[in-house]
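Reproduced below: upload-v8.cif, with mmCIF, C-alpha atoms.
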```cif
data_structure
loop_
_atom_site.label_atom_id
_atom_site.label_comp_id
_atom_site.auth_asym_id
_atom_site.auth_seq_id
_atom_site.Cartn_x
_atom_site.Cartn_y
_atom_site.Cartn_z
CA MET S 1 5.60 -27.90 26.66
CA SER S 2 1.94 -26.95 26.67
CA ARG S 3 -0.30 -25.56 24.02
CA PHE S 4 -1.86 -22.20 24.78
CA ARG S 5 -4.68 -20.37 23.11
CA ILE S 6 -3.91 -16.66 22.94
CA ALA S 7 -6.48 -14.19 21.64
CA VAL S 8 -5.48 -10.95 20.00
CA HIS S 9 -7.85 -8.01 19.62
CA ILE S 10 -6.76 -5.61 16.91
CA THR S 11 -8.57 -2.29 16.57
CA PRO S 12 -7.98 0.88 14.55
CA ARG S 13 -5.68 3.15 16.46
CA ARG S 14 -7.51 5.89 18.34
CA GLY S 15 -7.58 9.14 16.44
CA ILE S 16 -7.53 7.45 13.06
CA LEU S 17 -10.76 7.78 11.09
CA ASP S 18 -12.69 4.51 11.34
CA PRO S 19 -15.52 4.79 8.81
CA GLN S 20 -16.76 1.28 9.57
CA GLY S 21 -17.04 2.05 13.28
CA LYS S 22 -18.81 5.29 12.45
CA ALA S 23 -21.32 3.54 10.23
CA VAL S 24 -22.08 0.98 12.93
CA THR S 25 -22.42 3.76 15.54
CA GLY S 26 -24.98 5.46 13.29
CA ALA S 27 -26.91 2.24 12.79
CA LEU S 28 -27.01 1.59 16.54
CA HIS S 29 -28.25 5.12 17.15
CA SER S 30 -31.05 4.62 14.65
CA LEU S 31 -31.99 1.41 16.47
CA GLY S 32 -32.48 3.50 19.60
CA PHE S 33 -29.20 2.72 21.40
CA SER S 34 -28.67 6.40 22.05
CA GLY S 35 -26.08 5.70 24.74
CA VAL S 36 -23.57 4.38 22.22
CA HIS S 37 -20.70 6.83 22.19
CA ASP S 38 -18.33 5.14 19.78
CA VAL S 39 -17.73 1.81 18.07
CA HIS S 40 -14.48 0.40 16.76
CA VAL S 41 -14.52 -2.49 14.35
CA GLY S 42 -11.38 -4.56 14.25
CA ARG S 43 -10.12 -8.13 14.01
CA TYR S 44 -10.02 -11.00 16.47
CA VAL S 45 -7.22 -13.50 15.98
CA VAL S 46 -6.73 -16.69 18.00
CA VAL S 47 -3.22 -18.12 17.99
CA GLU S 48 -2.54 -21.63 19.28
CA VAL S 49 1.06 -21.73 20.33
CA ASP S 50 3.31 -24.27 22.03
CA ALA S 51 5.41 -22.79 24.81
CA ASN S 52 6.91 -23.63 28.18
CA ASP S 53 4.48 -21.46 30.06
CA ARG S 54 1.74 -18.92 29.54
CA LYS S 55 4.07 -15.97 29.86
CA ALA S 56 6.31 -17.26 27.10
CA ALA S 57 3.26 -17.88 24.90
CA GLU S 58 2.05 -14.34 25.48
CA ASN S 59 5.46 -12.83 24.80
CA SER S 60 5.76 -14.74 21.60
CA THR S 61 2.28 -13.61 20.53
CA ARG S 62 3.17 -10.00 21.33
CA GLU S 63 6.13 -10.26 18.98
CA MET S 64 3.85 -11.74 16.30
CA CYS S 65 1.59 -8.71 16.70
CA GLU S 66 4.43 -6.26 16.38
CA ARG S 67 5.85 -7.96 13.31
CA LEU S 68 2.80 -9.13 11.40
CA LEU S 69 -0.62 -9.39 13.01
CA ALA S 70 -1.04 -5.65 13.64
CA ASN S 71 0.37 -2.62 11.87
CA PRO S 72 1.57 -0.22 14.57
CA VAL S 73 1.09 2.76 12.23
CA ILE S 74 -2.66 2.32 12.19
CA GLU S 75 -3.66 -0.31 14.75
CA ASP S 76 -3.61 -1.05 18.46
CA PHE S 77 -3.71 -4.56 19.86
CA GLU S 78 -4.48 -6.31 23.11
CA ILE S 79 -3.47 -9.83 24.08
CA GLU S 80 -5.61 -12.15 26.17
CA SER S 81 -5.09 -15.77 27.18
CA VAL S 82 -8.17 -17.84 26.50
CA GLY S 83 -7.10 -21.30 27.60
CA SER S 84 -4.54 -24.07 27.45
CA HIS S 85 -4.34 -27.79 27.44
CA ALA S 86 -1.45 -30.08 28.19
CA ARG S 87 0.13 -31.71 25.23
CA GLU S 88 2.82 -34.29 24.81
CA ALA S 89 6.05 -32.54 24.01
CA MET M 1 17.62 -1.50 -23.20
CA MET M 2 16.20 -0.86 -19.79
CA LYS M 3 14.91 -3.94 -18.01
CA PHE M 4 11.84 -3.77 -15.79
CA GLY M 5 11.33 -6.65 -13.34
CA VAL M 6 7.65 -7.14 -12.55
CA VAL M 7 7.13 -9.10 -9.35
CA VAL M 8 4.33 -11.65 -9.51
CA PHE M 9 2.66 -12.51 -6.21
CA PRO M 10 -0.24 -14.94 -5.92
CA GLY M 11 -3.14 -12.57 -6.59
CA SER M 12 -1.27 -9.94 -8.61
CA ASN M 13 -3.47 -8.81 -11.48
CA SER M 14 -1.75 -5.79 -12.96
CA ASP M 15 1.47 -7.62 -13.71
CA TYR M 16 0.53 -8.18 -17.34
CA ASP M 17 -0.65 -4.56 -17.74
CA THR M 18 2.75 -3.42 -16.52
CA TYR M 19 4.60 -5.87 -18.75
CA ARG M 20 2.58 -4.70 -21.75
CA ALA M 21 3.08 -1.00 -20.93
CA VAL M 22 6.85 -1.50 -20.76
CA VAL M 23 7.28 -3.74 -23.78
CA ASP M 24 4.61 -2.48 -26.20
CA GLU M 25 4.36 1.18 -25.31
CA LEU M 26 7.74 2.08 -23.85
CA GLY M 27 9.64 -0.29 -26.13
CA GLN M 28 11.83 -1.61 -23.35
CA GLU M 29 12.42 -5.03 -21.83
CA ALA M 30 10.32 -6.55 -19.06
CA THR M 31 10.51 -9.80 -17.18
CA TYR M 32 8.33 -11.44 -14.58
CA LEU M 33 9.89 -12.18 -11.19
CA TRP M 34 8.19 -14.97 -9.25
CA HIS M 35 7.73 -13.96 -5.63
CA LYS M 36 9.30 -17.18 -4.31
CA ASP M 37 12.54 -16.63 -6.18
CA HIS M 38 15.56 -14.74 -4.93
CA ASP M 39 16.64 -13.48 -8.32
CA LEU M 40 15.96 -10.01 -9.71
CA GLN M 41 17.42 -11.17 -13.06
CA GLY M 42 19.51 -8.07 -13.49
CA SER M 43 16.50 -5.73 -13.59
CA ASP M 44 17.17 -1.99 -13.69
CA VAL M 45 13.76 -1.13 -12.22
CA ILE M 46 11.48 -3.23 -10.00
CA VAL M 47 7.71 -2.90 -10.17
CA LEU M 48 5.45 -4.18 -7.40
CA PRO M 49 2.22 -4.39 -9.39
CA GLY M 50 -1.42 -3.97 -8.49
CA GLY M 51 -3.71 -6.77 -7.46
CA PHE M 52 -4.79 -8.61 -4.35
CA SER M 53 -1.70 -10.43 -3.22
CA TYR M 54 -2.62 -13.23 -0.81
CA GLY M 55 -6.26 -12.19 -1.05
CA ASP M 56 -5.56 -9.10 1.08
CA TYR M 57 -5.61 -11.46 4.08
CA LEU M 58 -4.94 -9.73 7.40
CA ARG M 59 -4.20 -6.36 5.72
CA ALA M 60 -3.52 -5.48 2.11
CA GLY M 61 0.15 -6.22 1.45
CA ALA M 62 0.84 -7.61 4.94
CA ILE M 63 1.68 -11.15 3.83
CA ALA M 64 3.30 -10.32 0.48
CA ARG M 65 6.00 -8.31 2.18
CA PHE M 66 7.32 -11.58 3.62
CA SER M 67 7.57 -13.24 0.21
CA PRO M 68 11.16 -14.41 -0.40
CA ILE M 69 11.82 -11.95 -3.22
CA MET M 70 11.00 -8.98 -0.99
CA ASP M 71 14.37 -9.41 0.79
CA ASP M 72 16.02 -8.81 -2.56
CA VAL M 73 13.68 -5.96 -3.49
CA VAL M 74 14.37 -4.20 -0.18
CA ALA M 75 18.14 -4.69 -0.60
CA PHE M 76 17.88 -3.35 -4.18
CA ALA M 77 15.97 -0.29 -2.93
CA LYS M 78 18.47 0.32 -0.11
CA LYS M 79 21.24 0.43 -2.70
CA GLY M 80 19.33 3.10 -4.60
CA GLY M 81 17.63 0.90 -7.19
CA PRO M 82 14.37 2.35 -8.51
CA VAL M 83 11.21 0.64 -7.25
CA ILE M 84 7.62 1.49 -8.18
CA GLY M 85 4.76 0.19 -6.05
CA ILE M 86 1.43 0.61 -7.80
CA CYS M 87 -1.82 0.16 -5.88
CA ASN M 88 -1.32 -3.16 -4.06
CA GLY M 89 2.39 -2.59 -4.69
CA PHE M 90 2.13 0.70 -2.77
CA GLN M 91 0.47 -1.16 0.11
CA ILE M 92 3.22 -3.78 0.05
CA ALA M 93 5.95 -1.09 -0.02
CA CYS M 94 4.42 0.56 3.07
CA GLU M 95 4.14 -2.76 4.90
CA ALA M 96 7.76 -3.52 4.01
CA GLY M 97 8.89 -0.21 5.46
CA LEU M 98 10.12 1.14 2.12
CA LEU M 99 7.64 4.01 2.45
CA PRO M 100 6.09 5.63 5.52
CA GLY M 101 2.40 5.37 6.43
CA ALA M 102 -0.31 2.91 5.49
CA LEU M 103 -3.29 2.53 3.18
CA LEU M 104 -6.61 2.10 4.95
CA ARG M 105 -10.12 1.22 3.84
CA ASN M 106 -11.66 3.91 1.64
CA GLU M 107 -13.65 6.40 3.65
CA SER M 108 -16.81 5.50 1.70
CA LEU M 109 -16.20 1.80 2.53
CA LYS M 110 -16.73 1.18 -1.18
CA TYR M 111 -14.40 -0.21 -3.79
CA ILE M 112 -13.73 2.56 -6.30
CA CYS M 113 -12.91 1.86 -9.92
CA GLU M 114 -12.87 4.97 -12.09
CA PRO M 115 -10.59 7.37 -13.94
CA VAL M 116 -9.39 10.23 -11.75
CA ARG M 117 -7.30 13.34 -12.30
CA VAL M 118 -4.08 13.49 -10.34
CA ARG M 119 -1.88 16.53 -10.09
CA VAL M 120 1.88 16.14 -10.40
CA THR M 121 3.02 18.05 -7.33
CA SER M 122 6.70 17.28 -7.77
CA ALA M 123 8.25 16.92 -11.21
CA ASP M 124 11.80 16.79 -9.95
CA THR M 125 11.98 13.03 -9.41
CA ILE M 126 13.19 10.08 -11.46
CA PHE M 127 9.53 9.05 -11.84
CA THR M 128 7.95 12.35 -12.88
CA ASN M 129 10.52 14.44 -14.79
CA ARG M 130 8.59 14.03 -18.04
CA TYR M 131 5.56 15.80 -16.54
CA GLU M 132 5.11 19.54 -16.14
CA GLU M 133 4.99 20.37 -12.47
CA GLY M 134 1.40 21.19 -11.55
CA ALA M 135 -0.04 19.44 -14.59
CA THR M 136 -2.84 16.95 -14.17
CA ALA M 137 -2.87 13.44 -15.53
CA LEU M 138 -5.81 11.12 -16.05
CA MET M 139 -5.32 7.61 -14.65
CA PRO M 140 -7.66 4.97 -13.29
CA ILE M 141 -7.88 4.04 -9.64
CA SER M 142 -9.14 0.64 -8.65
CA HIS M 143 -8.98 -0.06 -4.96
CA GLY M 144 -10.84 -0.65 -1.73
CA ASP M 145 -7.97 0.32 0.56
CA GLY M 146 -6.46 3.52 -0.76
CA ARG M 147 -6.86 6.01 2.05
CA TYR M 148 -3.31 7.14 2.70
CA THR M 149 -2.73 7.64 6.41
CA ALA M 150 0.29 8.72 8.40
CA ASP M 151 0.76 10.82 11.51
CA ALA M 152 0.71 14.59 10.97
CA GLU M 153 4.45 14.90 11.55
CA THR M 154 5.21 12.39 8.80
CA VAL M 155 2.81 14.06 6.37
CA ASP M 156 4.29 17.51 7.11
CA ARG M 157 7.71 16.10 6.45
CA LEU M 158 6.64 14.47 3.19
CA GLU M 159 5.18 17.77 2.02
CA GLY M 160 8.11 19.85 3.24
CA GLU M 161 10.59 17.64 1.40
CA GLY M 162 8.60 17.62 -1.84
CA ARG M 163 7.91 13.91 -1.48
CA VAL M 164 4.19 14.10 -2.20
CA VAL M 165 4.47 13.41 -5.91
CA PHE M 166 0.82 12.93 -6.89
CA ARG M 167 -2.30 14.39 -5.36
CA TYR M 168 -5.88 13.74 -6.37
CA ALA M 169 -7.07 16.82 -8.22
CA GLY M 170 -10.50 18.25 -7.79
CA GLY M 171 -13.77 17.45 -9.42
CA PRO M 172 -14.80 19.15 -12.63
CA ALA M 173 -15.82 22.41 -11.00
CA ASP M 174 -12.54 23.42 -9.44
CA ALA M 175 -9.45 21.52 -10.41
CA ASP M 176 -7.37 23.26 -7.78
CA GLU M 177 -9.42 22.09 -4.85
CA TRP M 178 -8.04 19.12 -2.95
CA TRP M 179 -10.40 16.30 -3.44
CA SER M 180 -9.92 12.78 -2.37
CA PRO M 181 -12.00 9.94 -3.80
CA ASN M 182 -10.96 7.63 -0.96
CA GLY M 183 -10.50 9.98 1.99
CA SER M 184 -6.70 10.11 1.68
CA THR M 185 -4.90 12.45 4.06
CA ARG M 186 -4.44 15.75 2.23
CA ALA M 187 -5.53 14.06 -1.00
CA ILE M 188 -2.23 12.18 -1.26
CA ALA M 189 -2.16 9.77 -4.20
CA GLY M 190 1.57 9.04 -4.46
CA ILE M 191 4.76 9.55 -2.45
CA ILE M 192 8.46 8.84 -2.72
CA ASN M 193 10.95 7.75 -0.08
CA GLU M 194 13.62 9.98 1.39
CA ALA M 195 16.29 8.92 -1.10
CA GLY M 196 13.87 9.45 -4.00
CA ASN M 197 14.23 6.00 -5.55
CA VAL M 198 11.01 4.37 -4.30
CA LEU M 199 7.61 5.55 -5.56
CA GLY M 200 4.28 4.37 -4.19
CA MET M 201 1.04 5.40 -5.87
CA MET M 202 -2.56 4.23 -5.83
CA PRO M 203 -3.52 5.32 -9.38
CA HIS M 204 -2.51 2.98 -12.21
CA PRO M 205 -0.12 4.62 -14.69
CA GLU M 206 0.36 1.27 -16.44
CA ARG M 207 -3.34 1.21 -17.32
CA ALA M 208 -3.16 4.67 -18.91
CA VAL M 209 -0.55 4.19 -21.63
CA ASP M 210 -2.62 4.36 -24.80
CA PRO M 211 -5.53 6.57 -25.92
CA LEU M 212 -7.42 3.34 -26.59
CA LEU M 213 -7.42 2.75 -22.83
CA GLY M 214 -8.96 6.17 -22.26
CA SER M 215 -5.70 7.94 -21.45
CA ALA M 216 -2.02 7.81 -22.22
CA ASP M 217 -1.11 10.12 -19.34
CA GLY M 218 0.51 7.36 -17.29
CA LEU M 219 3.21 6.54 -19.79
CA ALA M 220 5.29 9.53 -18.64
CA VAL M 221 6.04 7.72 -15.36
CA PHE M 222 7.88 5.06 -17.34
CA GLU M 223 9.39 7.56 -19.77
CA SER M 224 10.72 9.57 -16.84
CA LEU M 225 12.62 6.53 -15.60
CA LEU M 226 13.98 5.91 -19.05
CA ALA M 227 15.21 9.51 -19.22
CA ARG M 228 16.85 9.49 -15.81
CA VAL M 229 18.06 6.05 -14.91
CA ALA M 230 21.37 5.06 -16.41
CA VAL M 231 21.36 1.52 -17.69
#
```
Give the structure from this file in structure tokens form.
Amino acid sequence: MSRFRIAVHITPRRGILDPQGKAVTGALHSLGFSGVHDVHVGRYVVVEVDANDRKAAENSTREMCERLLANPVIEDFEIESVGSHAREA
Amino acid sequence: MMKFGVVVFPGSNSDYDTYRAVVDELGQEATYLWHKDHDLQGSDVIVLPGGFSYGDYLRAGAIARFSPIMDDVVAFAKKGGPVIGICNGFQIACEAGLLPGALLRNESLKYICEPVRVRVTSADTIFTNRYEEGATALMPISHGDGRYTADAETVDRLEGEGRVVFRYAGGPADADEWWSPNGSTRAIAGIINEAGNVLGMMPHPERAVDPLLGSADGLAVFESLLARVAV
């Protein structure tokens, strides 16, 4: 058993009005970053999970996203492994 | 006597308003239901009240839907028991899958607390039969996440089936114009489920039950239940 750190990026689903992202886009434009096309503001969640291997940790995190961490009606999510360290089982 | 069970989550703040509306204004019985219990105490109607359950952590209503009592509330609703989700209760009902869609951050990104006019767009429900269809009612809204959102197909279906029960009604100039204080899709303020026994609404009928509060227009939601639901 190892402990894995899995990061989850949750962003408003494309096509759904994201007023926060719009406001930030406007602010960046007024700072002179005219190349900014769009900004999406979401959440970043780090889950530390014990699992047999990385794949199992990722699968378990995906299920967490589907059931709680993200709302599929309004949000998209991406999963990324950010590290692991061995741990006594 | 009709018995209203008012669920209390950590962070609920409209539970007492609801209790008071039922007991003092409607003259019926109310009881608090602690969210960790598994007992609806024989309630005839369940209210998921307004507030900030679990501090709105993650998403409004996302954690509360996993409170132990929600298993019983969902089972009660599936059997046809009447459930009202008000404000945070609407958010919880959506997260729990009792109603379609979700409530997102207000378009203005600001918390809005003010009386608004809502139009009763369907008076043929157990929650609205004491209103005239098309009439407007004055009730307060008090929320930061009230922008109703669902895919176009779902919204078309809600409208086609007469399940949009309340819509925000226009500003003073033209009361017929759709107008949404929070950016809600098609100015939707309240919807019911397919079976017609679950209502979710962002405005607070329980805070508009006495002229002293600025309006008594919300009382008809509770009176409608009393008229329709057999005890």
Neighbours of Gly146 in chain M within 12 Å (all atoms listed in the file; same-chain residues fewer than 3 positions away dropped), as a PDB file with C-alpha atoms, in the frame of the given file?
```pdb
ATOM      1  CA  GLY M  50      -1.420  -3.970  -8.490  1.00  0.00           C
ATOM      2  CA  ALA M  60      -3.520  -5.480   2.110  1.00  0.00           C
ATOM      3  CA  GLY M  61       0.150  -6.220   1.450  1.00  0.00           C
ATOM      4  CA  ILE M  86       1.430   0.610  -7.800  1.00  0.00           C
ATOM      5  CA  CYS M  87      -1.820   0.160  -5.880  1.00  0.00           C
ATOM      6  CA  ASN M  88      -1.320  -3.160  -4.060  1.00  0.00           C
ATOM      7  CA  GLY M  89       2.390  -2.590  -4.690  1.00  0.00           C
ATOM      8  CA  PHE M  90       2.130   0.700  -2.770  1.00  0.00           C
ATOM      9  CA  GLN M  91       0.470  -1.160   0.110  1.00  0.00           C
ATOM     10  CA  CYS M  94       4.420   0.560   3.070  1.00  0.00           C
ATOM     11  CA  GLY M 101       2.400   5.370   6.430  1.00  0.00           C
ATOM     12  CA  ALA M 102      -0.310   2.910   5.490  1.00  0.00           C
ATOM     13  CA  LEU M 103      -3.290   2.530   3.180  1.00  0.00           C
ATOM     14  CA  LEU M 104      -6.610   2.100   4.950  1.00  0.00           C
ATOM     15  CA  ARG M 105     -10.120   1.220   3.840  1.00  0.00           C
ATOM     16  CA  ASN M 106     -11.660   3.910   1.640  1.00  0.00           C
ATOM     17  CA  GLU M 107     -13.650   6.400   3.650  1.00  0.00           C
ATOM     18  CA  SER M 108     -16.810   5.500   1.700  1.00  0.00           C
ATOM     19  CA  LEU M 109     -16.200   1.800   2.530  1.00  0.00           C
ATOM     20  CA  LYS M 110     -16.730   1.180  -1.180  1.00  0.00           C
ATOM     21  CA  TYR M 111     -14.400  -0.210  -3.790  1.00  0.00           C
ATOM     22  CA  ILE M 112     -13.730   2.560  -6.300  1.00  0.00           C
ATOM     23  CA  CYS M 113     -12.910   1.860  -9.920  1.00  0.00           C
ATOM     24  CA  ILE M 141      -7.880   4.040  -9.640  1.00  0.00           C
ATOM     25  CA  SER M 142      -9.140   0.640  -8.650  1.00  0.00           C
ATOM     26  CA  HIS M 143      -8.980  -0.060  -4.960  1.00  0.00           C
ATOM     27  CA  THR M 149      -2.730   7.640   6.410  1.00  0.00           C
ATOM     28  CA  TYR M 168      -5.880  13.740  -6.370  1.00  0.00           C
ATOM     29  CA  SER M 180      -9.920  12.780  -2.370  1.00  0.00           C
ATOM     30  CA  PRO M 181     -12.000   9.940  -3.800  1.00  0.00           C
ATOM     31  CA  ASN M 182     -10.960   7.630  -0.960  1.00  0.00           C
ATOM     32  CA  GLY M 183     -10.500   9.980   1.990  1.00  0.00           C
ATOM     33  CA  SER M 184      -6.700  10.110   1.680  1.00  0.00           C
ATOM     34  CA  THR M 185      -4.900  12.450   4.060  1.00  0.00           C
ATOM     35  CA  ALA M 187      -5.530  14.060  -1.000  1.00  0.00           C
ATOM     36  CA  ILE M 188      -2.230  12.180  -1.260  1.00  0.00           C
ATOM     37  CA  ALA M 189      -2.160   9.770  -4.200  1.00  0.00           C
ATOM     38  CA  GLY M 190       1.570   9.040  -4.460  1.00  0.00           C
ATOM     39  CA  GLY M 200       4.280   4.370  -4.190  1.00  0.00           C
ATOM     40  CA  MET M 201       1.040   5.400  -5.870  1.00  0.00           C
ATOM     41  CA  MET M 202      -2.560   4.230  -5.830  1.00  0.00           C
ATOM     42  CA  PRO M 203      -3.520   5.320  -9.380  1.00  0.00           C
TER      43      PRO M 203
END
```
Subject >> Top pick for closest residue to Ile74 in chain S, considering M:Tyr148, M:Trp179, M:Phe166, M:Phe127 and counting all atoms listed in the file >> reply: M:Tyr148
**OP:** Kindly determine which residues of chain S lie within 7 Å of chain M, considering all atoms listed in the file, and give the answer as a ChimeraX atom specification.
**Re:** /S:19,68,73
Original post:
Which one is closest to Val82 in chain S: S:Met64, S:Ala57, S:Val49, S:Ile6? Count only C-alpha atoms.
Top reply: S:Ile6
**OP:** Compile the contact shell of Ile16 in chain S as a ChimeraX atom specification: residues with an atom at most 9 Å away, counting only C-alpha atoms, same-chain residues fewer than 2 positions apart removed.
**Re:** /S:12-14,18,74-75 /M:149
Would you write out, as a CSV table (one decimal) with C-alpha atoms, in the coordinates of the input, every residue that the PyMOL selection byres ((chain S and resi 42) around 6) captures in this file?
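part.csv written:
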```
chain,number,residue,atom,x,y,z
S,10,ILE,CA,-6.8,-5.6,16.9
S,11,THR,CA,-8.6,-2.3,16.6
S,41,VAL,CA,-14.5,-2.5,14.4
S,43,ARG,CA,-10.1,-8.1,14.0
```
Convert the output of the PyMOL selection byres ((chain S and resi 79) around 12) on the shown file into explicit residues, formatted as a short mmCIF file (atom, residue, chain, number, x, y, z; two decimals) with C-alpha atoms, in the frame of the given file.
```cif
data_model
loop_
_atom_site.label_atom_id
_atom_site.label_comp_id
_atom_site.auth_asym_id
_atom_site.auth_seq_id
_atom_site.Cartn_x
_atom_site.Cartn_y
_atom_site.Cartn_z
CA ARG S 5 -4.68 -20.37 23.11
CA ILE S 6 -3.91 -16.66 22.94
CA ALA S 7 -6.48 -14.19 21.64
CA VAL S 8 -5.48 -10.95 20.00
CA HIS S 9 -7.85 -8.01 19.62
CA ILE S 10 -6.76 -5.61 16.91
CA THR S 11 -8.57 -2.29 16.57
CA TYR S 44 -10.02 -11.00 16.47
CA VAL S 45 -7.22 -13.50 15.98
CA VAL S 46 -6.73 -16.69 18.00
CA VAL S 47 -3.22 -18.12 17.99
CA ARG S 54 1.74 -18.92 29.54
CA LYS S 55 4.07 -15.97 29.86
CA ALA S 57 3.26 -17.88 24.90
CA GLU S 58 2.05 -14.34 25.48
CA ASN S 59 5.46 -12.83 24.80
CA SER S 60 5.76 -14.74 21.60
CA THR S 61 2.28 -13.61 20.53
CA ARG S 62 3.17 -10.00 21.33
CA GLU S 63 6.13 -10.26 18.98
CA MET S 64 3.85 -11.74 16.30
CA CYS S 65 1.59 -8.71 16.70
CA GLU S 66 4.43 -6.26 16.38
CA LEU S 69 -0.62 -9.39 13.01
CA ALA S 70 -1.04 -5.65 13.64
CA ASP S 76 -3.61 -1.05 18.46
CA PHE S 77 -3.71 -4.56 19.86
CA GLU S 78 -4.48 -6.31 23.11
CA GLU S 80 -5.61 -12.15 26.17
CA SER S 81 -5.09 -15.77 27.18
CA VAL S 82 -8.17 -17.84 26.50
#
```
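For the choices M:Asn13, M:Ser215, M:Thr121, M:Gln41, the atom-to-atom distance to Ile69 in chain M is smallest for M:Gln41 when using all atoms listed in the file.
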Subject >> Explicit residues for the PyMOL selection byres ((chain M and resi 119) around 12) (as a VMD selection string) >> reply: chain M and resid 116 to 118 120 to 123 128 131 to 139 164 to 171 175 to 180 187 to 190 203 217 to 218
Original post:
Of the residues M:Asp56, M:Asp44, M:Asp39, M:Asp17, which is the one nearest to Asp72 in chain M, using only C-alpha atoms?
Top reply: M:Asp39
**OP:** Mind giving me the straight-line distance from CA of Ala152 in chain M to CA of Glu194 in chain M in Å, one decimal?
**Re:** 16.7 Å
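Nearest residue to Ser2 in chain S, choosing from S:Asp53, S:Gly83, S:Arg67, S:Leu17 and counting only C-alpha atoms: S:Asp53.
At a cut-off of 6 Å from (1.5, -10.1, -16.4), the residue set is Asp15, Tyr16 and Tyr19 of chain M (counting only C-alpha atoms).
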Original post:
At what distance in Å, to one decimal, does CA of Val83 in chain M lie from CA of Val229 in chain M?
Top reply: 11.6 Å
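Between CA of Ala30 in chain M and CA of Ala208 in chain M there is a distance of 17.5 Å.
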**OP:** Using all atoms listed in the file, collect all residues at a distance of at most 7 Å from (17.9, -6.5, -14.5) as written in the file, then present them as a list of chain:residue names.
**Re:** M:Lys3, M:Phe4, M:Gly5, M:Leu40, M:Gln41, M:Gly42, M:Ser43, M:Asp44
Put the listed atoms of range 50-63 of chain M in a box along x, y and z with 5 Å added on every side and give me the centre and edge lengths in Å to one decimal, as AutoDock Vina command-line options.
```
--center_x -2.3 --center_y -8.6 --center_z -0.5 --size_x 17.9 --size_y 19.3 --size_z 25.9
```
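Using only C-alpha atoms, the contacts of Arg20 in chain M at a cut-off of 10 Å, with sequence neighbours closer than 5 positions omitted, comprise Ser14, Asp15, Glu25, Leu26, Gly27, Gln28, Glu29, Ala30, Glu206, Arg207 and Val209 of chain M.
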